[in-house]
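S.K.: Next comes query-v9.cif, mmCIF, C-alpha atoms:
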```
data_data
#
loop_
_atom_site.group_PDB
_atom_site.id
_atom_site.type_symbol
_atom_site.label_atom_id
_atom_site.label_comp_id
_atom_site.auth_asym_id
_atom_site.auth_seq_id
_atom_site.Cartn_x
_atom_site.Cartn_y
_atom_site.Cartn_z
ATOM 1 C CA MET A 29 -13.133 5.976 2.047
ATOM 2 C CA ALA A 30 -13.085 2.566 0.449
ATOM 3 C CA ASP A 31 -16.200 0.424 0.509
ATOM 4 C CA VAL A 32 -15.825 -2.294 3.113
ATOM 5 C CA SER A 33 -19.332 -3.704 2.773
ATOM 6 C CA SER A 34 -19.598 -7.405 2.074
ATOM 7 C CA SER A 35 -21.762 -9.438 -0.272
ATOM 8 C CA ASN A 36 -25.348 -10.224 0.733
ATOM 9 C CA ALA A 37 -25.028 -13.900 -0.127
ATOM 10 C CA ALA A 38 -25.897 -16.172 2.812
ATOM 11 C CA PRO A 39 -22.991 -18.284 4.032
ATOM 12 C CA SER A 40 -23.196 -22.038 3.471
ATOM 13 C CA ILE A 41 -22.063 -24.719 5.916
ATOM 14 C CA GLU A 42 -19.102 -26.961 5.153
ATOM 15 C CA GLU A 43 -18.533 -29.976 7.368
ATOM 16 C CA SER A 44 -14.743 -29.876 7.018
ATOM 17 C CA GLU A 45 -14.418 -26.792 9.237
ATOM 18 C CA PHE A 46 -16.322 -28.242 12.203
ATOM 19 C CA THR A 47 -14.842 -30.245 15.028
ATOM 20 C CA ALA A 48 -15.119 -34.025 15.158
ATOM 21 C CA SER A 49 -18.171 -33.690 17.395
ATOM 22 C CA GLY A 50 -19.952 -31.676 14.699
ATOM 23 C CA ALA A 51 -19.903 -28.430 16.696
ATOM 24 C CA ALA A 52 -18.305 -25.206 15.483
ATOM 25 C CA PRO A 53 -14.932 -24.412 17.137
ATOM 26 C CA GLU A 54 -15.163 -22.115 20.131
ATOM 27 C CA ALA A 55 -13.671 -18.633 19.936
ATOM 28 C CA GLY A 56 -9.985 -18.637 20.791
ATOM 29 C CA ARG A 57 -9.483 -22.348 20.152
ATOM 30 C CA PRO A 58 -6.918 -23.309 17.481
ATOM 31 C CA LEU A 59 -8.374 -23.983 14.057
ATOM 32 C CA ARG A 60 -8.270 -27.476 12.639
ATOM 33 C CA LYS A 61 -5.558 -27.977 10.023
ATOM 34 C CA ASP A 62 -8.019 -27.931 7.136
ATOM 35 C CA ALA A 63 -9.671 -24.778 8.488
ATOM 36 C CA GLU A 64 -6.286 -23.066 8.876
ATOM 37 C CA ARG A 65 -5.372 -24.080 5.345
ATOM 38 C CA ASN A 66 -8.606 -22.496 4.138
ATOM 39 C CA ARG A 67 -7.845 -19.326 6.106
ATOM 40 C CA GLN A 68 -4.397 -19.006 4.543
ATOM 41 C CA ARG A 69 -5.861 -19.786 1.134
ATOM 42 C CA ILE A 70 -8.422 -17.013 1.592
ATOM 43 C CA LEU A 71 -5.766 -14.524 2.713
ATOM 44 C CA GLN A 72 -3.605 -15.360 -0.292
ATOM 45 C CA ALA A 73 -6.563 -14.988 -2.640
ATOM 46 C CA ALA A 74 -7.568 -11.703 -0.989
ATOM 47 C CA ALA A 75 -4.018 -10.386 -1.361
ATOM 48 C CA GLU A 76 -4.055 -11.179 -5.081
ATOM 49 C CA VAL A 77 -7.567 -9.848 -5.701
ATOM 50 C CA PHE A 78 -7.112 -6.657 -3.657
ATOM 51 C CA THR A 79 -3.683 -6.031 -5.188
ATOM 52 C CA GLU A 80 -5.236 -5.958 -8.630
ATOM 53 C CA ARG A 81 -8.692 -4.456 -7.978
ATOM 54 C CA GLY A 82 -8.388 -2.709 -4.624
ATOM 55 C CA LEU A 83 -11.017 -2.967 -1.915
ATOM 56 C CA GLY A 84 -13.815 -2.635 -4.439
ATOM 57 C CA ALA A 85 -13.609 -6.422 -4.817
ATOM 58 C CA THR A 86 -16.216 -8.403 -2.875
ATOM 59 C CA LEU A 87 -15.973 -11.413 -0.584
ATOM 60 C CA ASP A 88 -17.621 -13.405 -3.384
ATOM 61 C CA ASP A 89 -14.710 -12.398 -5.652
ATOM 62 C CA VAL A 90 -12.241 -13.572 -3.007
ATOM 63 C CA ALA A 91 -14.062 -16.877 -2.502
ATOM 64 C CA HIS A 92 -14.152 -17.527 -6.251
ATOM 65 C CA HIS A 93 -10.438 -16.749 -6.590
ATOM 66 C CA ALA A 94 -9.605 -18.979 -3.609
ATOM 67 C CA GLY A 95 -11.694 -21.844 -4.961
ATOM 68 C CA VAL A 96 -13.764 -22.156 -1.758
ATOM 69 C CA GLY A 97 -17.417 -21.631 -0.937
ATOM 70 C CA VAL A 98 -18.442 -18.154 0.142
ATOM 71 C CA GLY A 99 -19.606 -19.662 3.443
ATOM 72 C CA THR A 100 -16.005 -20.622 4.211
ATOM 73 C CA VAL A 101 -14.937 -17.009 3.740
ATOM 74 C CA TYR A 102 -17.763 -15.736 5.974
ATOM 75 C CA ARG A 103 -16.885 -18.108 8.805
ATOM 76 C CA ARG A 104 -13.276 -17.004 8.845
ATOM 77 C CA PHE A 105 -14.032 -13.316 8.153
ATOM 78 C CA PRO A 106 -17.563 -12.051 8.906
ATOM 79 C CA ASP A 107 -17.161 -9.020 6.640
ATOM 80 C CA LYS A 108 -14.650 -7.383 4.324
ATOM 81 C CA ALA A 109 -13.344 -5.102 7.070
ATOM 82 C CA ALA A 110 -12.266 -8.147 9.117
ATOM 83 C CA LEU A 111 -10.525 -9.614 6.085
ATOM 84 C CA ALA A 112 -8.809 -6.284 5.421
ATOM 85 C CA ASP A 113 -7.630 -6.174 9.048
ATOM 86 C CA ALA A 114 -6.056 -9.625 8.805
ATOM 87 C CA LEU A 115 -4.467 -8.810 5.474
ATOM 88 C CA PHE A 116 -3.146 -5.508 6.836
ATOM 89 C CA GLU A 117 -1.463 -7.204 9.800
ATOM 90 C CA GLN A 118 0.047 -9.782 7.459
ATOM 91 C CA ARG A 119 1.465 -7.038 5.221
ATOM 92 C CA ILE A 120 2.861 -5.040 8.164
ATOM 93 C CA ASP A 121 4.530 -8.193 9.503
ATOM 94 C CA LEU A 122 6.048 -8.717 6.050
ATOM 95 C CA LEU A 123 7.424 -5.151 6.050
ATOM 96 C CA VAL A 124 8.896 -5.687 9.510
ATOM 97 C CA GLY A 125 10.583 -8.834 8.223
ATOM 98 C CA LEU A 126 12.041 -6.837 5.317
ATOM 99 C CA ALA A 127 13.422 -4.252 7.748
ATOM 100 C CA GLU A 128 14.943 -6.909 9.990
ATOM 101 C CA ARG A 129 16.646 -8.619 7.055
ATOM 102 C CA ALA A 130 17.879 -5.263 5.779
ATOM 103 C CA TYR A 131 19.438 -4.606 9.180
ATOM 104 C CA GLY A 132 21.530 -7.707 8.610
ATOM 105 C CA GLU A 133 23.249 -6.028 5.643
ATOM 106 C CA PRO A 134 26.844 -5.244 6.653
ATOM 107 C CA ASP A 135 26.706 -1.774 5.088
ATOM 108 C CA PRO A 136 24.203 0.541 6.866
ATOM 109 C CA TRP A 137 23.427 2.549 3.719
ATOM 110 C CA GLN A 138 22.766 -0.537 1.625
ATOM 111 C CA GLY A 139 20.528 -1.888 4.375
ATOM 112 C CA LEU A 140 18.393 1.256 4.340
ATOM 113 C CA VAL A 141 18.297 1.320 0.531
ATOM 114 C CA SER A 142 17.299 -2.347 0.397
ATOM 115 C CA PHE A 143 14.391 -1.792 2.770
ATOM 116 C CA MET A 144 13.153 1.348 1.003
ATOM 117 C CA GLU A 145 13.287 -0.311 -2.391
ATOM 118 C CA ARG A 146 11.401 -3.431 -1.312
ATOM 119 C CA SER A 147 8.774 -1.553 0.707
ATOM 120 C CA ALA A 148 8.334 1.032 -2.071
ATOM 121 C CA GLU A 149 7.743 -1.800 -4.523
ATOM 122 C CA MET A 150 4.971 -3.145 -2.276
ATOM 123 C CA MET A 151 3.342 0.279 -2.028
ATOM 124 C CA ALA A 152 3.650 0.988 -5.750
ATOM 125 C CA THR A 153 2.272 -2.345 -6.950
ATOM 126 C CA ASP A 154 -0.252 -3.341 -4.257
ATOM 127 C CA LYS A 155 -3.409 -1.265 -4.726
ATOM 128 C CA GLY A 156 -5.221 -3.057 -1.923
ATOM 129 C CA LEU A 157 -2.418 -2.342 0.548
ATOM 130 C CA ARG A 158 -2.483 1.375 -0.252
ATOM 131 C CA GLN A 159 -6.236 1.504 0.292
ATOM 132 C CA ILE A 160 -6.044 -0.502 3.508
ATOM 133 C CA LEU A 161 -3.332 1.786 4.858
ATOM 134 C CA MET A 162 -4.965 5.070 3.945
ATOM 135 C CA PHE A 163 -8.670 4.826 3.272
ATOM 136 C CA THR A 164 -10.420 2.135 5.316
ATOM 137 C CA SER A 165 -12.670 2.622 8.319
ATOM 138 C CA SER A 166 -10.871 1.063 11.300
ATOM 139 C CA GLY A 167 -7.822 3.183 10.561
ATOM 140 C CA HIS A 168 -6.968 4.031 14.181
ATOM 141 C CA ASP A 169 -6.332 0.420 15.213
ATOM 142 C CA ARG A 170 -4.346 -0.223 12.066
ATOM 143 C CA VAL A 171 -2.229 2.887 12.522
ATOM 144 C CA CYS A 172 -1.419 1.847 16.107
ATOM 145 C CA TYR A 173 -0.497 -1.670 14.999
ATOM 146 C CA ALA A 174 1.693 -0.369 12.164
ATOM 147 C CA ARG A 175 3.368 2.195 14.426
ATOM 148 C CA ASP A 176 4.144 -0.270 17.214
ATOM 149 C CA ARG A 177 5.483 -2.923 14.820
ATOM 150 C CA MET A 178 7.248 -0.753 12.248
ATOM 151 C CA ARG A 179 8.769 2.059 14.285
ATOM 152 C CA PRO A 180 11.459 0.031 16.139
ATOM 153 C CA ALA A 181 12.584 -1.769 12.966
ATOM 154 C CA VAL A 182 12.766 1.384 10.816
ATOM 155 C CA ASN A 183 14.392 3.404 13.616
ATOM 156 C CA ARG A 184 17.217 0.895 13.900
ATOM 157 C CA LEU A 185 17.924 1.051 10.170
ATOM 158 C CA LEU A 186 17.909 4.832 10.046
ATOM 159 C CA GLU A 187 19.886 5.439 13.256
ATOM 160 C CA ARG A 188 22.586 2.994 12.184
ATOM 161 C CA ALA A 189 23.003 4.750 8.825
ATOM 162 C CA GLN A 190 23.076 8.167 10.502
ATOM 163 C CA ALA A 191 25.651 7.011 13.058
ATOM 164 C CA ALA A 192 27.843 5.863 10.152
ATOM 165 C CA GLY A 193 27.579 9.327 8.589
ATOM 166 C CA GLN A 194 25.791 7.939 5.533
ATOM 167 C CA VAL A 195 22.448 9.718 5.970
ATOM 168 C CA ARG A 196 21.723 13.343 6.775
ATOM 169 C CA ASP A 197 21.140 13.980 10.477
ATOM 170 C CA ASP A 198 17.842 15.830 10.050
ATOM 171 C CA LEU A 199 16.040 12.879 8.428
ATOM 172 C CA ALA A 200 13.380 11.575 10.851
ATOM 173 C CA PRO A 201 11.909 8.043 11.024
ATOM 174 C CA THR A 202 8.458 9.351 10.047
ATOM 175 C CA ASP A 203 9.944 10.727 6.809
ATOM 176 C CA ILE A 204 10.430 7.162 5.556
ATOM 177 C CA PRO A 205 6.734 6.124 5.347
ATOM 178 C CA VAL A 206 5.843 9.521 3.844
ATOM 179 C CA LEU A 207 8.317 8.884 1.027
ATOM 180 C CA GLU A 208 6.853 5.397 0.609
ATOM 181 C CA PHE A 209 3.327 6.826 0.319
ATOM 182 C CA MET A 210 4.540 9.289 -2.305
ATOM 183 C CA LEU A 211 6.121 6.492 -4.327
ATOM 184 C CA GLY A 212 2.929 4.453 -3.957
ATOM 185 C CA THR A 213 0.920 7.346 -5.382
ATOM 186 C CA ILE A 214 3.297 7.589 -8.334
ATOM 187 C CA GLY A 215 2.867 3.853 -8.884
ATOM 188 C CA GLU A 216 -0.926 4.243 -8.784
ATOM 189 C CA TYR A 217 -1.047 7.025 -11.373
ATOM 190 C CA THR A 218 1.512 5.540 -13.787
ATOM 191 C CA ARG A 219 0.733 1.801 -13.583
ATOM 192 C CA ASP A 220 -0.968 1.721 -17.011
ATOM 193 C CA VAL A 221 1.633 3.963 -18.668
ATOM 194 C CA ARG A 222 5.013 3.043 -17.129
ATOM 195 C CA PRO A 223 4.668 0.689 -14.149
ATOM 196 C CA GLY A 224 8.320 0.952 -13.050
ATOM 197 C CA ILE A 225 8.758 4.730 -13.248
ATOM 198 C CA TRP A 226 8.595 4.991 -9.444
ATOM 199 C CA ARG A 227 12.143 3.586 -9.323
ATOM 200 C CA ARG A 228 13.423 6.763 -10.984
ATOM 201 C CA TYR A 229 12.036 8.917 -8.189
ATOM 202 C CA LEU A 230 13.250 6.527 -5.506
ATOM 203 C CA VAL A 231 16.826 7.049 -6.739
ATOM 204 C CA LEU A 232 16.358 10.832 -6.750
ATOM 205 C CA TRP A 233 15.103 10.744 -3.161
ATOM 206 C CA LEU A 234 17.845 8.384 -2.024
ATOM 207 C CA ASP A 235 20.473 10.798 -3.333
ATOM 208 C CA ALA A 236 18.736 13.556 -1.368
ATOM 209 C CA LEU A 237 19.116 11.542 1.864
ATOM 210 C CA ARG A 238 22.908 11.663 1.690
ATOM 211 C CA PRO A 239 24.627 14.302 3.857
ATOM 212 C CA SER A 240 26.876 15.337 0.939
ATOM 213 C CA ARG A 241 27.678 14.072 -2.546
ATOM 214 C CA ASP A 242 30.392 14.594 -5.138
ATOM 215 C CA SER A 243 28.291 12.932 -7.860
ATOM 216 C CA TYR A 244 24.804 11.616 -8.476
ATOM 217 C CA THR A 245 23.445 8.100 -8.995
ATOM 218 C CA PRO A 246 22.469 7.288 -12.608
ATOM 219 C CA LEU A 247 18.686 7.055 -12.883
ATOM 220 C CA PRO A 248 17.500 3.480 -13.557
ATOM 221 C CA VAL A 249 14.681 4.287 -16.026
ATOM 222 C CA PRO A 250 14.108 7.151 -18.485
ATOM 223 C CA GLU A 251 11.754 10.010 -17.784
ATOM 224 C CA LEU A 252 8.145 10.048 -18.967
ATOM 225 C CA SER A 253 7.692 11.340 -22.489
ATOM 226 C CA PRO A 254 5.356 14.332 -22.970
ATOM 227 C CA ASP A 255 2.659 12.017 -24.345
ATOM 228 C CA GLU A 256 3.043 9.629 -21.401
ATOM 229 C CA MET A 257 2.848 12.526 -18.966
ATOM 230 C CA ALA A 258 -0.337 13.759 -20.635
ATOM 231 C CA THR A 259 -1.854 10.268 -20.328
ATOM 232 C CA VAL A 260 -0.918 10.060 -16.640
ATOM 233 C CA MET A 261 -2.523 13.447 -15.985
ATOM 234 C CA ARG A 262 -5.701 12.472 -17.841
ATOM 235 C CA ASN A 263 -5.966 9.181 -15.963
ATOM 236 C CA SER A 264 -5.280 10.525 -12.485
ATOM 237 C CA PRO A 265 -8.215 11.191 -10.110
ATOM 238 C CA PHE A 266 -7.355 14.890 -10.223
ATOM 239 C CA GLY A 267 -7.399 14.901 -14.027
ATOM 240 C CA ARG A 268 -10.649 12.941 -14.297
ATOM 241 C CA GLY A 269 -12.556 14.834 -11.658
ATOM 242 C CA THR A 270 -15.440 13.132 -9.844
ATOM 243 C CA SER A 271 -17.423 12.564 -13.043
ATOM 244 C CA GLY A 272 -14.603 11.008 -15.043
ATOM 245 C CA LYS A 273 -14.456 14.087 -17.310
ATOM 246 C CA GLN A 274 -11.812 16.731 -17.556
ATOM 247 C CA PRO A 275 -12.612 19.516 -15.063
ATOM 248 C CA ALA A 276 -13.473 22.859 -16.533
ATOM 249 C CA ILE A 277 -10.671 25.423 -16.278
ATOM 250 C CA LYS A 278 -11.903 28.761 -15.029
ATOM 251 C CA PRO A 279 -10.345 31.779 -16.731
ATOM 252 C CA ARG A 280 -7.937 33.699 -14.546
ATOM 253 C CA PRO A 281 -9.365 37.076 -13.489
ATOM 254 C CA GLN A 282 -7.686 39.884 -15.383
ATOM 255 C CA PRO A 283 -6.740 43.201 -13.777
ATOM 256 C CA PRO A 284 -8.871 46.136 -14.921
ATOM 257 C CA THR A 285 -7.531 48.184 -17.780
ATOM 258 C CA ALA A 286 -6.501 51.786 -17.344
ATOM 259 C CA ARG A 287 -9.718 52.905 -19.060
ATOM 260 C CA GLU A 288 -11.885 50.832 -16.696
ATOM 261 C CA ASN A 289 -10.081 52.355 -13.718
ATOM 262 C CA THR A 290 -11.025 55.865 -14.856
ATOM 263 C CA GLN A 291 -14.739 55.078 -15.287
#
```
For the file at hand, write its structure as structure tokens.

M.R.:
Amino acid sequence: MADVSSSNAAPSIEESEFTASGAAPEAGRPLRKDAERNRQRILQAAAEVFTERGLGATLDDVAHHAGVGVGTVYRRFPDKAALADALFEQRIDLLVGLAERAYGEPDPWQGLVSFMERSAEMMATDKGLRQILMFTSSGHDRVCYARDRMRPAVNRLLERAQAAGQVRDDLAPTDIPVLEFMLGTIGEYTRDVRPGIWRRYLVLWLDALRPSRDSYTPLPVPELSPDEMATVMRNSPFGRGTSGKQPAIKPRPQPPTARENTQ
């Protein structure tokens, strides 16, 4: 589970985010324009910082990247979990927008492909998004939000392609995010070796979604070389083990010899 603890620095007070009377805005009231600008600035900075470093980054890191005081970040988001929640909803809304635009494609297959490619790119390149989706604490609320927002948009894309006979009938809507998670994992493990290799596996999976094929789609990037594959395996969490060292390989038990059986 990713660390969602925030920095211990005490928040400062900035006059620009208070109302004209000098009092802090009440809960539920619209933010002043400058406060809303700061909020969007913080979200943008958080997206950039978390994309690169994951949720190990602190609120101080976000404030520094946004060019605002840490007190501004604390007033908008009391802890890193609240910031992650807001960023998660923003990312899900972006994915829904991608699905809705893809539905506007005249060809159902191309619409589905367009959505899978764009969403896979987000999963493969956005480390913070992967951690928010899979490893943070308030996962139940986030899963419900993602399900309620994403399911109708993805269902429409898939059902349209299936009705046109372009996608196999046994593909289910929940298969789509599973494939996206798999591509995101590939992107995580190979980012320092071959950042775009996930596109190769996307094409392989897209061909597998077709009900029948007379040919196959040319793969967009070459396979990993043996040396690259060895580097990926060494750098993966499974290759490093919890200590960062290669795990010891236990010898496989050997069957007893005929002589041992007779003793």

S.K.: Report as JSON, numbers by chain all protein, DNA and RNA residues lying within 10 Å of segment 171-188 of chain A, evaluated on all atoms listed in the file, omitting residues in the same chain fewer than 3 positions from it.

M.R.: {"A": [116, 117, 119, 120, 121, 123, 124, 125, 126, 127, 128, 129, 130, 131, 132, 133, 135, 136, 137, 138, 139, 140, 141, 143, 144, 161, 162, 166, 167, 168, 191, 192, 193, 194, 195, 196, 197, 199, 200, 201, 202, 204, 205]}

S.K.: Which is closest to Tyr102 of chain A among A:Thr86, A:Leu252, A:Arg219, A:Thr259, if we use only C-alpha atoms?

M.R.: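 Among the listed residues, the smallest separation from Tyr102 of chain A belongs to A:Thr86.
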
S.K.: Can you work out the spacing between atom CA of Met257 of chain A and atom CA of Leu211 of chain A in Å, to one decimal?

M.R.: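 Interatomic distance, atom CA of Met257 of chain A to atom CA of Leu211 of chain A: 16.2 Å.
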
S.K.: Got a sec: who's within 9 Å of segment 74-84 of chain A, counting all atoms listed in the file, leaving out chain neighbours fewer than 5 positions off, as a PDB file with C-alpha atoms, in the coordinates of the input?

M.R.:
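Saved result, part17.pdb, follows:
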```
ATOM      1  CA  ALA A  30     -13.085   2.566   0.449  1.00  0.00           C
ATOM      2  CA  ASP A  31     -16.200   0.424   0.509  1.00  0.00           C
ATOM      3  CA  VAL A  32     -15.825  -2.294   3.113  1.00  0.00           C
ATOM      4  CA  ARG A  69      -5.861 -19.786   1.134  1.00  0.00           C
ATOM      5  CA  ASP A  89     -14.710 -12.398  -5.652  1.00  0.00           C
ATOM      6  CA  VAL A  90     -12.241 -13.572  -3.007  1.00  0.00           C
ATOM      7  CA  ALA A  91     -14.062 -16.877  -2.502  1.00  0.00           C
ATOM      8  CA  HIS A  93     -10.438 -16.749  -6.590  1.00  0.00           C
ATOM      9  CA  ALA A  94      -9.605 -18.979  -3.609  1.00  0.00           C
ATOM     10  CA  LYS A 108     -14.650  -7.383   4.324  1.00  0.00           C
ATOM     11  CA  LEU A 111     -10.525  -9.614   6.085  1.00  0.00           C
ATOM     12  CA  ALA A 112      -8.809  -6.284   5.421  1.00  0.00           C
ATOM     13  CA  LEU A 115      -4.467  -8.810   5.474  1.00  0.00           C
ATOM     14  CA  THR A 153       2.272  -2.345  -6.950  1.00  0.00           C
ATOM     15  CA  ASP A 154      -0.252  -3.341  -4.257  1.00  0.00           C
ATOM     16  CA  LYS A 155      -3.409  -1.265  -4.726  1.00  0.00           C
ATOM     17  CA  GLY A 156      -5.221  -3.057  -1.923  1.00  0.00           C
ATOM     18  CA  LEU A 157      -2.418  -2.342   0.548  1.00  0.00           C
ATOM     19  CA  ARG A 158      -2.483   1.375  -0.252  1.00  0.00           C
ATOM     20  CA  GLN A 159      -6.236   1.504   0.292  1.00  0.00           C
ATOM     21  CA  ILE A 160      -6.044  -0.502   3.508  1.00  0.00           C
ATOM     22  CA  THR A 164     -10.420   2.135   5.316  1.00  0.00           C
TER      23      THR A 164
END
```

S.K.: Show which residues sit within 12 Å of Glu256 of chain A, as a ChimeraX atom specification. Count only C-alpha atoms, and ignore same-chain residues fewer than 5 positions away.

M.R.: /A:217-223,225,250-251,261-263

S.K.: In Å, how far is it from atom CA of Val96 of chain A to atom CA of Met151 of chain A?

M.R.: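 For atom CA of Val96 of chain A relative to atom CA of Met151 of chain A, the distance reads 28.2 Å.
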
S.K.: Please report the interatomic distance between atom CA of Pro248 of chain A and atom CA of Arg227 of chain A in Å with one decimal.

M.R.: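 Atom CA of Arg227 of chain A lies 6.8 Å from atom CA of Pro248 of chain A.
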
S.K.: Please determine the residues with any atom at most 12 Å from (24.5, 12.4, -1.3) (coordinates as given in the file, with all atoms listed in the file counting) and report them as an MDAnalysis selection string.

M.R.: chainID A and resid 137 193:196 231:245

S.K.: Between A:Met150, A:Ala114, A:Ala189, A:Ala85, single out the one closest to Pro134 of chain A, counting only C-alpha atoms.

M.R.: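 Closest candidate: A:Ala189.
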
S.K.: Of the candidates A:Ala152, A:Ala63, A:Leu122, A:Ala258, which one gets nearest to Leu207 of chain A if we count only C-alpha atoms?

M.R.: A:Ala152

S.K.: With N, CA and C atoms as the goal, would you fill in the gaps in segment 217-234 of chain A and present it as a compact mmCIF listing (two decimals), in the coordinates of the input?

M.R.:
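part_23.txt, freshly written:
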```
# COMPACT_ATOMS: atom_id res chain seq x y z
N TYR A 217 -0.70 6.19 -10.22
CA TYR A 217 -1.05 7.02 -11.37
C TYR A 217 -0.39 6.55 -12.67
N THR A 218 0.75 5.88 -12.58
CA THR A 218 1.51 5.54 -13.79
C THR A 218 1.46 4.07 -14.14
N ARG A 219 0.69 3.26 -13.40
CA ARG A 219 0.73 1.80 -13.58
C ARG A 219 0.35 1.37 -14.99
N ASP A 220 -0.55 2.10 -15.67
CA ASP A 220 -0.97 1.72 -17.01
C ASP A 220 -0.11 2.37 -18.10
N VAL A 221 0.79 3.25 -17.70
CA VAL A 221 1.63 3.96 -18.67
C VAL A 221 3.08 3.49 -18.58
N ARG A 222 3.64 3.51 -17.38
CA ARG A 222 5.01 3.04 -17.13
C ARG A 222 5.08 2.51 -15.71
N PRO A 223 4.80 1.23 -15.51
CA PRO A 223 4.67 0.69 -14.15
C PRO A 223 5.91 0.86 -13.27
N GLY A 224 7.11 0.89 -13.86
CA GLY A 224 8.32 0.95 -13.05
C GLY A 224 8.91 2.33 -12.88
N ILE A 225 8.18 3.38 -13.29
CA ILE A 225 8.76 4.73 -13.25
C ILE A 225 9.04 5.19 -11.82
N TRP A 226 8.37 4.59 -10.83
CA TRP A 226 8.60 4.99 -9.44
C TRP A 226 10.05 4.78 -9.03
N ARG A 227 10.74 3.84 -9.66
CA ARG A 227 12.14 3.59 -9.32
C ARG A 227 13.02 4.80 -9.63
N ARG A 228 12.68 5.55 -10.65
CA ARG A 228 13.42 6.76 -10.98
C ARG A 228 13.38 7.76 -9.82
N TYR A 229 12.20 7.93 -9.25
CA TYR A 229 12.04 8.92 -8.19
C TYR A 229 12.59 8.40 -6.87
N LEU A 230 12.60 7.08 -6.69
CA LEU A 230 13.25 6.53 -5.51
C LEU A 230 14.74 6.88 -5.51
N VAL A 231 15.40 6.73 -6.66
CA VAL A 231 16.83 7.05 -6.74
C VAL A 231 17.06 8.53 -6.47
N LEU A 232 16.22 9.40 -7.02
CA LEU A 232 16.36 10.83 -6.75
C LEU A 232 16.26 11.12 -5.27
N TRP A 233 15.29 10.50 -4.60
CA TRP A 233 15.10 10.74 -3.16
C TRP A 233 16.24 10.14 -2.34
N LEU A 234 16.74 8.98 -2.76
CA LEU A 234 17.84 8.38 -2.02
C LEU A 234 19.08 9.28 -2.08
```
